[in-house]
Amino acid sequence: MTEKAGQVASDILLEIVVLGAEASLEASELQSTLRYINRWMTQLSAMGVNLGYTKVDSINDDITIPDGAVLGLIKNVALMIAPQYGAIVTAELAEAARDGLK
């Protein structure tokens with residue numbers, strides 16, 4: 001199942017409780033999260049982890065990594081952006097991010 005960038009961005013913000021379950025994304029939050037998704041995947045590629053990712057520019061773009069890697073993307077980008085939202089990183093999120101990187 002291919003996931004859309006907008007849904008992944010929403011899930012990332014839910015991880016750090018920036019976005020309530022029924023709220024919609026602000027345009028600036030969405031663009032920032034899409035940039036961080038691209039940055040994280042570029043960083044992975046630089047580390048030698050090539051998952052076939054294609055840069056996303058729009059919420060309607062597909063996330064082109066294996067389904068089994070999407071959760072790791074969500075957890076790691078959430079960990080990366082938490083400080084800019086003043087979110088507290090829980091031990092569970094940090095552990096899930098580490099596991100997702102594996």
# chains A, B, ... in the order shown; residues from 1 in each chain; ligands from 1

call {"tool": "residues_around", "arguments": {"residues": "stretch 49-51 of chain A", "least_positions_apart": "4", "cutoff": "6 Å", "atoms": "only C-alpha atoms", "output": "PyMOL selection string"}}
result
chain A and resi 44-45+65

call {"tool": "write_last_selection", "arguments": {"atoms": "C-alpha atoms", "output": "mmCIF file, in the first residue's frame"}}
result
data_model
loop_
_atom_site.group_PDB
_atom_site.id
_atom_site.type_symbol
_atom_site.label_atom_id
_atom_site.label_comp_id
_atom_site.auth_asym_id
_atom_site.auth_seq_id
_atom_site.Cartn_x
_atom_site.Cartn_y
_atom_site.Cartn_z
ATOM 1 C CA LEU A 44 19.704 7.892 5.143
ATOM 2 C CA SER A 45 20.858 7.734 1.544
ATOM 3 C CA ILE A 65 9.806 3.419 0.239
#

call {"tool": "residues_around", "arguments": {"residues": "A:Ile81", "least_positions_apart": "6", "cutoff": "12 Å", "atoms": "only C-alpha atoms", "output": "list in words"}}
result
Ala9, Ile12, Leu13, Leu14, Glu15, Ile16, Val17, Val18, Glu29, Ser32, Thr33, Leu34, Arg35, Tyr36, Ile37, Arg39, Trp40, Ile74, Lys75, Ala87, Ile88 and Val89 of chain A

call {"tool": "closest_residue", "arguments": {"among": "A:Arg98, A:Thr54, A:Thr42, A:Leu30", "to": "A:Asp11", "atoms": "only C-alpha atoms"}}
result
A:Leu30
